$ cat run16.tsv   # TSV, C-alpha atoms
chain	number	residue	atom	x	y	z
A	89	MET	CA	0.00	0.00	0.00
A	90	GLN	CA	1.27	3.44	-0.95
A	91	THR	CA	0.58	6.37	1.40
A	92	THR	CA	1.65	9.90	0.55
A	93	TYR	CA	1.93	12.65	3.15
A	94	ILE	CA	1.77	16.25	1.97
A	95	ILE	CA	3.47	18.29	4.69
A	96	GLY	CA	3.11	22.07	4.87
A	97	ASN	CA	4.35	24.82	7.15
A	98	GLY	CA	1.81	23.93	9.84
A	99	PHE	CA	4.07	21.02	10.72
A	100	ASP	CA	7.02	23.27	11.59
A	101	VAL	CA	4.70	25.68	13.41
A	102	ASN	CA	3.57	22.72	15.52
A	103	LEU	CA	7.19	22.20	16.48
A	104	GLY	CA	7.27	25.70	17.89
A	105	ILE	CA	9.34	27.04	14.98
A	106	LYS	CA	8.49	30.63	14.09
A	107	SER	CA	8.29	29.89	10.38
A	108	THR	CA	5.17	31.72	9.22
A	109	TYR	CA	5.51	34.51	6.68
A	110	GLY	CA	4.30	36.92	9.36
A	111	ASP	CA	7.22	35.86	11.56
A	112	PHE	CA	9.63	36.41	8.69
A	113	TYR	CA	8.22	39.85	7.92
A	114	GLN	CA	8.92	40.99	11.47
A	115	TYR	CA	12.54	39.97	10.94
A	116	TYR	CA	12.86	41.31	7.40
A	117	VAL	CA	11.50	44.80	8.00
A	118	GLY	CA	13.89	45.19	10.92
A	119	LEU	CA	17.01	44.65	8.82
A	120	PRO	CA	19.31	47.61	8.16
A	121	ALA	CA	18.13	49.89	5.36
A	122	VAL	CA	19.55	49.40	1.88
A	123	GLU	CA	19.91	51.84	-1.01
A	124	ASN	CA	17.60	49.98	-3.38
A	125	GLN	CA	14.25	51.79	-3.24
A	126	TYR	CA	12.29	48.79	-4.46
A	127	ILE	CA	13.55	46.58	-1.66
A	128	MET	CA	12.62	49.31	0.79
A	129	ASN	CA	9.18	49.67	-0.85
A	130	VAL	CA	8.56	45.95	-0.35
A	131	ARG	CA	9.61	46.22	3.29
A	132	GLN	CA	7.21	49.14	3.70
A	133	GLN	CA	4.40	47.04	2.24
A	134	MET	CA	5.20	44.30	4.75
A	135	THR	CA	5.22	46.88	7.54
A	136	ASN	CA	1.78	48.03	6.38
A	137	TYR	CA	0.58	44.44	6.55
A	138	ILE	CA	1.99	43.97	10.04
A	139	THR	CA	0.54	47.22	11.40
A	140	ASN	CA	-2.66	47.03	9.34
A	141	ASN	CA	-2.03	50.53	7.97
A	142	THR	CA	-2.65	51.55	4.38
A	143	ASN	CA	0.03	52.98	2.14
A	144	LYS	CA	-1.77	55.75	0.24
A	145	GLU	CA	0.86	55.98	-2.50
A	146	VAL	CA	1.10	52.30	-3.48
A	147	LYS	CA	-1.74	49.79	-3.77
A	148	ASP	CA	-1.77	47.78	-0.55
A	149	ILE	CA	-1.13	44.07	-1.02
A	150	ASP	CA	-2.33	41.19	1.15
A	151	TRP	CA	0.99	39.68	2.29
A	152	SER	CA	-0.56	36.70	4.08
A	153	ASP	CA	1.01	34.60	1.31
A	154	LEU	CA	4.47	35.87	0.35
A	155	GLU	CA	4.58	34.08	-2.99
A	156	LYS	CA	1.17	35.29	-4.14
A	157	ALA	CA	1.99	38.80	-2.90
A	158	LEU	CA	5.22	38.82	-4.93
A	159	GLY	CA	3.23	38.02	-8.04
A	160	ASP	CA	0.72	40.79	-7.26
A	161	TYR	CA	3.30	43.36	-6.17
A	162	SER	CA	5.46	42.76	-9.26
A	163	ILE	CA	3.41	45.51	-10.93
A	164	ASN	CA	5.36	48.00	-8.79
A	165	ILE	CA	8.83	46.61	-9.59
A	166	PRO	CA	10.47	47.29	-12.97
A	167	ALA	CA	11.69	44.16	-14.73
A	168	ASP	CA	15.33	45.25	-14.42
A	169	GLU	CA	14.98	45.51	-10.64
A	170	PHE	CA	12.96	42.40	-9.90
A	171	LYS	CA	15.78	39.89	-9.49
A	172	THR	CA	17.56	42.18	-7.03
A	173	VAL	CA	14.41	42.39	-4.91
A	174	PHE	CA	13.63	38.69	-5.29
A	175	PHE	CA	17.08	37.47	-4.27
A	176	ASP	CA	17.19	39.85	-1.30
A	177	ILE	CA	13.96	38.31	0.00
A	178	GLU	CA	15.06	34.74	-0.76
A	179	THR	CA	18.51	35.13	0.82
A	180	ASN	CA	17.11	36.66	3.99
A	181	LEU	CA	14.30	34.11	4.20
A	182	MET	CA	16.86	31.31	4.10
A	183	ALA	CA	18.97	32.98	6.78
A	184	TYR	CA	15.92	33.52	8.98
A	185	LEU	CA	14.59	29.96	8.64
A	186	THR	CA	18.04	28.46	9.21
A	187	ARG	CA	18.32	30.38	12.47
A	188	GLN	CA	14.84	29.31	13.60
A	189	ALA	CA	15.32	25.64	12.67
A	190	ASP	CA	18.66	25.53	14.51
A	191	LEU	CA	16.82	26.42	17.74
A	192	LEU	CA	14.81	23.20	17.63
A	193	GLU	CA	15.81	20.54	20.15
A	194	ILE	CA	14.76	16.97	19.35
A	195	ASN	CA	14.58	14.13	21.85
A	196	ASP	CA	13.68	10.44	21.68
A	197	LYS	CA	10.13	11.06	22.92
A	198	MET	CA	9.47	13.37	19.99
A	199	LYS	CA	10.92	10.86	17.53
A	200	GLN	CA	8.77	8.04	18.89
A	201	LYS	CA	5.65	10.22	18.79
A	202	ILE	CA	6.13	11.33	15.22
A	203	MET	CA	6.81	7.79	14.00
A	204	LYS	CA	3.62	6.58	15.68
A	205	ASP	CA	1.66	9.48	14.19
A	206	PHE	CA	2.81	8.56	10.69
A	207	CYS	CA	1.83	4.94	11.31
A	208	TRP	CA	-1.47	5.68	13.08
A	209	PRO	CA	-3.25	8.78	11.74
A	210	ASP	CA	-6.54	6.87	12.16
A	211	ILE	CA	-7.17	7.28	15.88
A	212	ASN	CA	-9.99	8.86	17.90
A	213	ASP	CA	-7.97	12.00	18.62
A	214	ASN	CA	-7.87	12.73	14.88
A	215	PHE	CA	-11.17	11.45	13.42
A	216	LYS	CA	-14.65	10.37	14.41
A	217	PRO	CA	-15.36	6.58	14.47
A	218	GLY	CA	-16.99	6.61	11.01
A	219	PRO	CA	-13.92	7.93	9.13
A	220	ILE	CA	-11.66	5.68	11.22
A	221	ASN	CA	-13.61	2.63	10.04
A	222	SER	CA	-13.36	3.82	6.44
A	223	ILE	CA	-9.58	4.24	6.72
A	224	ARG	CA	-9.04	0.86	8.38
A	225	ASN	CA	-11.32	-0.97	5.94
A	226	HIS	CA	-9.33	0.61	3.13
A	227	LYS	CA	-6.03	-0.48	4.68
A	228	THR	CA	-7.33	-4.01	5.31
A	229	TYR	CA	-7.59	-4.53	1.55
A	230	TYR	CA	-3.77	-4.27	1.39
A	231	ARG	CA	-2.98	-6.00	4.70
A	232	ASN	CA	-0.92	-8.81	3.13
A	233	GLY	CA	1.71	-6.27	2.11
A	234	SER	CA	3.51	-3.33	3.70
A	235	GLU	CA	2.67	0.35	3.91
A	236	MET	CA	5.20	2.48	2.05
A	237	ILE	CA	5.15	6.18	2.93
A	238	SER	CA	6.39	8.94	0.65
A	239	ILE	CA	6.54	12.43	2.12
A	240	ILE	CA	6.19	15.43	-0.18
A	241	ASN	CA	7.58	18.20	1.98
A	242	PHE	CA	6.67	21.78	1.08
A	243	ASN	CA	8.90	23.11	3.86
A	244	TYR	CA	12.46	24.28	3.38
A	245	THR	CA	13.65	22.94	6.73
A	246	SER	CA	14.95	19.41	7.43
A	247	THR	CA	13.03	18.92	10.67
A	248	LEU	CA	11.34	15.79	9.30
A	249	GLU	CA	14.68	14.17	8.46
A	250	ARG	CA	15.91	14.89	11.97
A	251	LEU	CA	12.76	13.56	13.64
A	252	LEU	CA	12.72	10.38	11.57
A	253	ASP	CA	16.50	9.84	11.56
A	254	TYR	CA	16.14	9.76	7.81
A	255	LYS	CA	19.31	9.75	5.73
A	256	GLY	CA	17.93	8.22	2.55
A	257	GLY	CA	16.72	4.81	1.51
A	258	ARG	CA	13.92	2.89	3.17
A	259	VAL	CA	13.43	3.27	6.94
A	260	SER	CA	11.18	1.08	9.14
A	261	ILE	CA	9.09	3.11	11.60
A	262	GLY	CA	6.63	0.56	13.06
A	263	THR	CA	3.28	-1.03	12.23
A	264	ASN	CA	-0.06	0.52	11.32
A	265	SER	CA	-3.58	0.04	12.70
A	266	VAL	CA	-4.17	-3.20	10.76
A	267	GLY	CA	-0.78	-4.74	11.56
A	268	MET	CA	1.14	-3.88	8.38
A	269	SER	CA	4.82	-2.96	8.59
A	270	VAL	CA	5.34	0.71	7.78
A	271	TYR	CA	8.35	2.20	6.01
A	272	ILE	CA	9.38	5.73	5.08
A	273	GLU	CA	10.38	5.29	1.45
A	274	ASN	CA	11.43	8.83	0.57
A	275	ILE	CA	11.19	12.48	1.56
A	276	ILE	CA	10.93	14.88	-1.36
A	277	HIS	CA	11.47	18.60	-0.85
A	278	ILE	CA	9.38	19.86	-3.73
A	279	HIS	CA	10.81	23.39	-3.40
A	280	ARG	CA	14.31	22.34	-2.30
A	281	SER	CA	15.60	22.74	1.23
A	282	LEU	CA	17.94	24.91	3.25
A	283	ALA	CA	20.41	22.03	3.12
A	284	ASP	CA	20.56	22.39	-0.67
A	285	GLY	CA	21.82	25.95	-0.29
A	286	ASP	CA	18.99	27.26	-2.45
A	287	ILE	CA	15.20	27.27	-2.33
A	288	ILE	CA	12.38	27.72	-4.82
A	289	LEU	CA	10.08	30.64	-4.10
A	290	GLY	CA	7.45	31.96	-6.46
A	291	VAL	CA	4.14	31.49	-8.24
A	292	ASN	CA	2.41	28.57	-9.93
A	293	ASP	CA	2.18	30.07	-13.42
A	294	VAL	CA	2.49	33.30	-15.40
A	295	ASN	CA	-1.17	34.15	-14.78
A	296	GLN	CA	-0.19	34.96	-11.18
A	297	ILE	CA	2.33	37.62	-12.27
A	298	ALA	CA	0.76	41.08	-12.39
A	299	ASN	CA	3.61	42.76	-14.26
A	300	GLN	CA	3.11	41.76	-17.89
A	301	SER	CA	6.55	43.06	-18.86
A	302	TYR	CA	8.04	40.07	-17.01
A	303	LEU	CA	6.50	37.61	-19.46
A	304	ASP	CA	9.12	38.38	-22.11
A	305	ARG	CA	11.97	38.07	-19.64
A	306	ALA	CA	13.07	34.42	-19.46
A	307	GLU	CA	15.56	35.17	-16.68
A	308	ILE	CA	12.70	36.38	-14.45
A	309	LEU	CA	10.39	33.47	-15.23
A	310	ASP	CA	13.28	31.08	-14.57
A	311	CYS	CA	13.37	32.17	-10.93
A	312	LEU	CA	9.74	33.16	-10.27
A	313	VAL	CA	7.57	30.38	-11.79
A	314	LYS	CA	8.06	27.35	-9.54
A	315	PRO	CA	7.20	24.52	-11.97
A	316	GLN	CA	9.53	26.08	-14.54
A	317	VAL	CA	12.34	26.33	-11.97
A	318	ASN	CA	11.95	22.63	-11.20
A	319	GLU	CA	11.92	21.69	-14.87
A	320	ASN	CA	15.05	23.75	-15.50
A	321	GLN	CA	16.93	21.79	-12.83
A	322	GLU	CA	16.50	18.68	-15.04
A	323	ASP	CA	16.44	16.41	-11.99
A	324	GLY	CA	12.99	15.00	-12.73
A	325	ILE	CA	11.44	16.15	-9.46
A	326	ASN	CA	8.13	17.21	-11.06
A	327	ASP	CA	7.73	13.79	-12.69
A	328	GLU	CA	8.77	12.05	-9.47
A	329	VAL	CA	6.12	13.89	-7.45
A	330	ARG	CA	3.45	13.21	-10.08
A	331	ASN	CA	4.31	9.50	-10.03
A	332	VAL	CA	4.13	9.42	-6.24
A	333	ILE	CA	0.71	11.11	-6.19
A	334	HIS	CA	-0.72	8.91	-8.94
A	335	SER	CA	0.39	5.69	-7.22
A	336	SER	CA	-1.08	6.70	-3.84
A	337	ASP	CA	-3.76	4.64	-2.15
A	338	ILE	CA	-4.04	7.16	0.69
A	339	ILE	CA	-3.06	10.84	0.52
A	340	VAL	CA	-2.67	12.70	3.82
A	341	ILE	CA	-2.42	16.50	3.98
A	342	PHE	CA	-1.16	18.17	7.14
A	343	GLY	CA	-0.22	21.78	7.78
A	344	SER	CA	-1.19	23.05	4.33
A	345	SER	CA	-4.04	25.31	3.23
A	346	LEU	CA	-3.57	24.35	-0.45
A	347	GLY	CA	-2.35	27.76	-1.57
A	348	GLU	CA	-2.87	29.07	-5.10
A	349	THR	CA	0.85	29.19	-5.89
A	350	ASP	CA	1.03	25.38	-5.75
A	351	SER	CA	-2.24	24.69	-7.53
A	352	MET	CA	-0.64	22.31	-10.06
A	353	TRP	CA	-0.15	19.78	-7.26
A	354	TRP	CA	-3.69	20.12	-5.93
A	355	THR	CA	-4.89	19.42	-9.48
A	356	GLU	CA	-2.79	16.23	-9.55
A	357	ILE	CA	-4.33	15.09	-6.25
A	358	GLY	CA	-7.81	15.79	-7.61
A	359	GLU	CA	-7.07	13.68	-10.68
A	360	ARG	CA	-5.88	10.81	-8.49
A	361	LEU	CA	-9.10	10.90	-6.47
A	362	LEU	CA	-11.21	10.95	-9.62
A	363	ASN	CA	-9.35	8.09	-11.29
A	364	SER	CA	-8.94	5.70	-8.36
A	365	LYS	CA	-10.44	4.60	-5.06
A	366	ALA	CA	-7.79	6.51	-3.09
A	367	LEU	CA	-8.69	8.23	0.17
A	368	LEU	CA	-7.78	11.81	1.04
A	369	LEU	CA	-7.19	12.57	4.73
A	370	TYR	CA	-7.11	16.30	5.38
A	371	PHE	CA	-6.16	17.58	8.81
A	372	MET	CA	-7.96	20.84	9.30
A	373	TYR	CA	-6.70	23.72	11.41
A	374	SER	CA	-9.22	26.12	12.85
A	375	LYS	CA	-9.00	28.84	15.48
A	376	THR	CA	-12.76	29.17	15.48
A	377	ALA	CA	-14.62	27.51	18.31
A	378	ILE	CA	-17.65	25.51	17.26
A	379	THR	CA	-20.60	26.11	19.54
A	380	ARG	CA	-22.93	23.14	19.98
A	381	GLY	CA	-20.35	21.22	17.96
A	382	MET	CA	-22.50	18.09	17.67
A	383	TYR	CA	-24.83	20.01	15.36
A	384	ASN	CA	-22.41	22.40	13.64
A	385	LEU	CA	-19.48	20.06	12.93
A	386	PRO	CA	-21.15	18.33	9.94
A	387	GLY	CA	-21.56	21.70	8.25
A	388	VAL	CA	-17.93	22.60	8.93
A	389	ILE	CA	-16.77	19.32	7.42
A	390	ARG	CA	-19.10	19.67	4.44
A	391	ASP	CA	-17.81	23.19	3.74
A	392	LYS	CA	-14.18	22.04	3.99
A	393	ARG	CA	-14.80	19.15	1.59
A	394	ASN	CA	-16.33	21.55	-0.92
A	395	GLU	CA	-13.45	23.99	-0.50
A	396	LEU	CA	-10.86	21.25	-1.06
A	397	ALA	CA	-12.70	19.97	-4.14
A	398	LYS	CA	-12.66	23.44	-5.68
A	399	LYS	CA	-8.95	23.84	-5.01
A	400	MET	CA	-8.37	20.46	-6.65
A	401	PHE	CA	-10.47	21.57	-9.65
A	402	ILE	CA	-13.05	18.86	-9.07
A	403	THR	CA	-16.32	20.00	-10.62
A	404	ASP	CA	-19.70	19.91	-8.88
A	405	SER	CA	-20.79	17.00	-11.07
A	406	GLN	CA	-17.63	15.05	-10.19
A	407	PHE	CA	-17.80	15.81	-6.49
A	408	GLN	CA	-20.29	13.09	-5.61
A	409	THR	CA	-17.82	10.42	-6.78
A	410	VAL	CA	-15.14	11.57	-4.32
A	411	GLU	CA	-17.06	13.23	-1.47
A	412	LYS	CA	-17.13	10.21	0.86
A	413	ARG	CA	-13.42	9.58	0.27
A	414	ILE	CA	-12.41	13.04	1.53
A	415	LEU	CA	-12.08	12.55	5.28
A	416	ILE	CA	-11.64	15.61	7.50
A	417	GLY	CA	-9.82	15.60	10.82
A	418	TYR	CA	-11.06	18.58	12.81
A	419	ARG	CA	-8.64	19.93	15.46
A	420	PRO	CA	-6.51	16.79	15.27
A	421	LYS	CA	-3.81	15.88	17.77
A	422	ILE	CA	-1.50	14.32	15.20
A	423	PHE	CA	2.01	15.83	15.57
A	424	SER	CA	0.64	18.00	18.40
A	425	VAL	CA	2.90	16.90	21.28
A	426	LEU	CA	5.88	18.50	19.60
A	427	MET	CA	5.20	22.06	20.75
A	428	ASN	CA	7.75	24.40	22.28
A	429	GLN	CA	10.81	22.16	22.00
A	430	LYS	CA	13.23	25.01	21.35
A	431	LYS	CA	16.54	26.14	22.72
A	432	SER	CA	16.62	29.54	24.31
A	433	SER	CA	17.80	32.04	21.71

$ encode --input "run16.tsv" --output "structure tokens"
Amino acid sequence: MQTTYIIGNGFDVNLGIKSTYGDFYQYYVGLPAVENQYIMNVRQQMTNYITNNTNKEVKDIDWSDLEKALGDYSINIPADEFKTVFFDIETNLMAYLTRQADLLEINDKMKQKIMKDFCWPDINDNFKPGPINSIRNHKTYYRNGSEMISIINFNYTSTLERLLDYKGGRVSIGTNSVGMSVYIENIIHIHRSLADGDIILGVNDVNQIANQSYLDRAEILDCLVKPQVNENQEDGINDEVRNVIHSSDIIVIFGSSLGETDSMWWTEIGERLLNSKALLLYFMYSKTAITRGMYNLPGVIRDKRNELAKKMFITDSQFQTVEKRILIGYRPKIFSVLMNQKKSS
């Protein structure tokens, strides 16, 4: 049985790492001033976002998603200046995340917990009994084999490798809820990692770039359009990720809101659901308290299923074929014991 975990920034946040874009902005706007006015304009826009003020001279951008904001804000950066601005942000983001990740302390208890969580996502702390039965019935079909886990990591940090003692190859991490042996088969950093010395930051396609003058500048597209960056590396990572998704019997998403700048991958997941009997387990994060949850929770889950289907470009007419195979974990405890394990800075 093939299980694929899609891991987003919520995983590192659960570790206590200050890795949100908002955290980075606080750091970035506090750096010493530079002479480039466009870099300083971007920092001012981030300051506006942080303080919730409006810049009257330049259209205010929603910086909740750095990559999307870069595409939108490109309208204010001349083509000849963009790479200077882009690489200033990228270089400082890498420095910031490296510093934050280095503060993380990992112990054996954390390692044991994360291995169990990967083996046993189907527990009462994560799902209601109905979805748990669906997951275990699905696994039972494959019980004469092993469960092979591929992790598609959207984070730049190597916290997963550290927690799983993963150095490549196939690693045994335990057994699952129906008694199958479970192995981590690979961890793929879809946007590279800090350990690579470079990261991929940008948009999903040219339609997300507001400045039309960029479209004739190959050197800009080669650093700003993420799928194109991956293709240019000629290491086959796009094809590898597609193959992993399209061989998955279970796809688990944790710590990701399925942002627009990675929509090509959500489309691939949608196609896998439509063309197979695969299950999608989505762990939902919500700050909103549900009053009289017994009555309101079904509506919350229904809305989240519909939202996910739209992001995966599953049409309304197709939705009924996948609806029952999209299982929502509301306020799950998976990976939750890992909070606040940081060195003092």

$ residues_near_point --input "run16.tsv" --point "(15.9, 7.3, 10.4)" --cutoff "12 Å" --atoms "all atoms listed in the file" --output "ChimeraX atom specification"
/A:196,199-200,202-203,247-262,271-275

$ closest_residue --input "run16.tsv" --among "A:Tyr229, A:Phe401, A:Phe371, A:Trp354" --to "A:Gly98" --atoms "all atoms listed in the file"
A:Phe371

$ closest_residue --input "run16.tsv" --among "A:Leu415, A:Val410, A:Leu385, A:Val340" --to "A:Leu361" --atoms "only C-alpha atoms"
A:Val410

$ atom_distance --input "run16.tsv" --atom1 "atom CA of A:Thr91" --atom2 "atom CA of A:Ser238"
6.4 Å

$ closest_residue --input "run16.tsv" --among "A:Leu396, A:Met372, A:Met268, A:Ile94" --to "A:Ile240" --atoms "all atoms listed in the file"
A:Ile94

$ atom_distance --input "run16.tsv" --atom1 "atom CA of A:Ile297" --atom2 "atom CA of A:Arg131"
19.2 Å

$ atom_distance --input "run16.tsv" --atom1 "atom CA of A:Tyr115" --atom2 "atom CA of A:Tyr184"
7.5 Å

$ residues_around --input "run16.tsv" --residues "A:Gln408" --least-positions-apart "4" --cutoff "12 Å" --atoms "only C-alpha atoms" --output "list in words"
Leu361, Leu362, Arg393, Asn394, Ala397, Ile402, Thr403, Asp404, Lys412, Arg413 and Ile414 of chain A

$ closest_residue --input "run16.tsv" --among "A:Gly104, A:Phe407, A:Pro420, A:Leu369" --to "A:Pro219" --atoms "only C-alpha atoms"
A:Leu369

$ residues_near_point --input "run16.tsv" --point "(-10.2, 3.8, 9.2)" --cutoff "10 Å" --atoms "all atoms listed in the file" --output "ChimeraX atom specification"
/A:208-211,215-228,265-266,415

$ write_last_selection --input "run16.tsv" --atoms "C-alpha atoms" --output "compact mmCIF listing (two decimals), in the frame of the given file"
# COMPACT_ATOMS: atom_id res chain seq x y z
CA TRP A 208 -1.47 5.68 13.08
CA PRO A 209 -3.25 8.78 11.74
CA ASP A 210 -6.54 6.87 12.16
CA ILE A 211 -7.17 7.28 15.88
CA PHE A 215 -11.17 11.45 13.42
CA LYS A 216 -14.65 10.37 14.41
CA PRO A 217 -15.36 6.58 14.47
CA GLY A 218 -16.99 6.61 11.01
CA PRO A 219 -13.92 7.93 9.13
CA ILE A 220 -11.66 5.68 11.22
CA ASN A 221 -13.61 2.63 10.04
CA SER A 222 -13.36 3.82 6.44
CA ILE A 223 -9.58 4.24 6.72
CA ARG A 224 -9.04 0.86 8.38
CA ASN A 225 -11.32 -0.97 5.94
CA HIS A 226 -9.33 0.61 3.13
CA LYS A 227 -6.03 -0.48 4.68
CA THR A 228 -7.33 -4.01 5.31
CA SER A 265 -3.58 0.04 12.70
CA VAL A 266 -4.17 -3.20 10.76
CA LEU A 415 -12.08 12.55 5.28

$ residues_around --input "run16.tsv" --residues "A:Ile325" --least-positions-apart "4" --cutoff "12 Å" --atoms "only C-alpha atoms" --output "list of chain:residue names"
A:Ile240, A:Ile275, A:Ile276, A:His277, A:Ile278, A:His279, A:Arg280, A:Lys314, A:Pro315, A:Gln316, A:Val317, A:Asn318, A:Glu319, A:Asn320, A:Gln321, A:Val329, A:Arg330, A:Asn331, A:Val332

$ write_last_selection --input "run16.tsv" --atoms "C-alpha atoms" --output "PDB file, keeping the file's coordinate frame"
ATOM      1  CA  ILE A 240       6.190  15.430  -0.180  1.00  0.00           C
ATOM      2  CA  ILE A 275      11.190  12.480   1.560  1.00  0.00           C
ATOM      3  CA  ILE A 276      10.930  14.880  -1.360  1.00  0.00           C
ATOM      4  CA  HIS A 277      11.470  18.600  -0.850  1.00  0.00           C
ATOM      5  CA  ILE A 278       9.380  19.860  -3.730  1.00  0.00           C
ATOM      6  CA  HIS A 279      10.810  23.390  -3.400  1.00  0.00           C
ATOM      7  CA  ARG A 280      14.310  22.340  -2.300  1.00  0.00           C
ATOM      8  CA  LYS A 314       8.060  27.350  -9.540  1.00  0.00           C
ATOM      9  CA  PRO A 315       7.200  24.520 -11.970  1.00  0.00           C
ATOM     10  CA  GLN A 316       9.530  26.080 -14.540  1.00  0.00           C
ATOM     11  CA  VAL A 317      12.340  26.330 -11.970  1.00  0.00           C
ATOM     12  CA  ASN A 318      11.950  22.630 -11.200  1.00  0.00           C
ATOM     13  CA  GLU A 319      11.920  21.690 -14.870  1.00  0.00           C
ATOM     14  CA  ASN A 320      15.050  23.750 -15.500  1.00  0.00           C
ATOM     15  CA  GLN A 321      16.930  21.790 -12.830  1.00  0.00           C
ATOM     16  CA  VAL A 329       6.120  13.890  -7.450  1.00  0.00           C
ATOM     17  CA  ARG A 330       3.450  13.210 -10.080  1.00  0.00           C
ATOM     18  CA  ASN A 331       4.310   9.500 -10.030  1.00  0.00           C
ATOM     19  CA  VAL A 332       4.130   9.420  -6.240  1.00  0.00           C
TER      20      VAL A 332
END

$ closest_residue --input "run16.tsv" --among "A:Gly417, A:Tyr244, A:Arg360, A:Met198" --to "A:Ile338" --atoms "all atoms listed in the file"
A:Arg360

$ residues_around --input "run16.tsv" --residues "A:Gly96" --least-positions-apart "6" --cutoff "10 Å" --atoms "all atoms listed in the file" --output "list in words"
Ile240, Asn241, Phe242, Asn243, Tyr244, Ile341, Phe342, Gly343, Ser344, Ser345 and Leu346 of chain A

$ closest_residue --input "run16.tsv" --among "A:Asn180, A:Lys156, A:Phe175, A:Val294" --to "A:Gly118" --atoms "only C-alpha atoms"
A:Asn180

$ residues_around --input "run16.tsv" --residues "A:Glu348" --least-positions-apart "4" --cutoff "12 Å" --atoms "all atoms listed in the file" --output "list in words"
Asp153, Leu154, Glu155, Lys156, Ala157, Gly159, Gly290, Val291, Asn292, Asp293, Asn295, Gln296, Lys314, Ser344, Met352, Trp353, Trp354, Thr355, Leu396, Lys398, Lys399, Met400 and Phe401 of chain A

$ build_atoms --input "run16.tsv" --residues "stretch 97-101 of chain A" --atoms "all heavy atoms" --output "CSV table (one decimal), in the frame of the given file"
chain,number,residue,atom,x,y,z
A,97,ASN,N,3.7,24.1,6.1
A,97,ASN,CA,4.4,24.8,7.2
A,97,ASN,C,3.7,24.6,8.5
A,97,ASN,O,4.4,24.8,9.5
A,97,ASN,CB,4.4,26.3,6.8
A,97,ASN,CG,5.2,27.1,7.8
A,97,ASN,OD1,6.3,26.8,8.1
A,97,ASN,ND2,4.5,28.2,8.4
A,98,GLY,N,2.4,24.2,8.6
A,98,GLY,CA,1.8,23.9,9.8
A,98,GLY,C,2.5,22.9,10.7
A,98,GLY,O,2.5,22.9,11.9
A,99,PHE,N,3.3,22.0,10.0
A,99,PHE,CA,4.1,21.0,10.7
A,99,PHE,C,5.2,21.7,11.5
A,99,PHE,O,5.3,21.4,12.7
A,99,PHE,CB,4.7,20.0,9.7
A,99,PHE,CG,5.4,18.9,10.4
A,99,PHE,CD1,4.8,17.8,10.8
A,99,PHE,CD2,6.8,19.0,10.6
A,99,PHE,CE1,5.5,16.7,11.4
A,99,PHE,CE2,7.5,18.0,11.2
A,99,PHE,CZ,6.9,16.9,11.6
A,100,ASP,N,5.9,22.6,10.9
A,100,ASP,CA,7.0,23.3,11.6
A,100,ASP,C,6.5,24.2,12.7
A,100,ASP,O,7.1,24.3,13.7
A,100,ASP,CB,7.9,24.1,10.6
A,100,ASP,CG,8.9,23.2,9.9
A,100,ASP,OD1,9.0,22.0,10.2
A,100,ASP,OD2,9.7,23.7,9.1
A,101,VAL,N,5.3,24.8,12.4
A,101,VAL,CA,4.7,25.7,13.4
A,101,VAL,C,4.3,24.8,14.6
A,101,VAL,O,4.5,25.3,15.8
A,101,VAL,CB,3.5,26.4,12.8
A,101,VAL,CG1,2.7,27.1,13.9
A,101,VAL,CG2,3.9,27.4,11.7
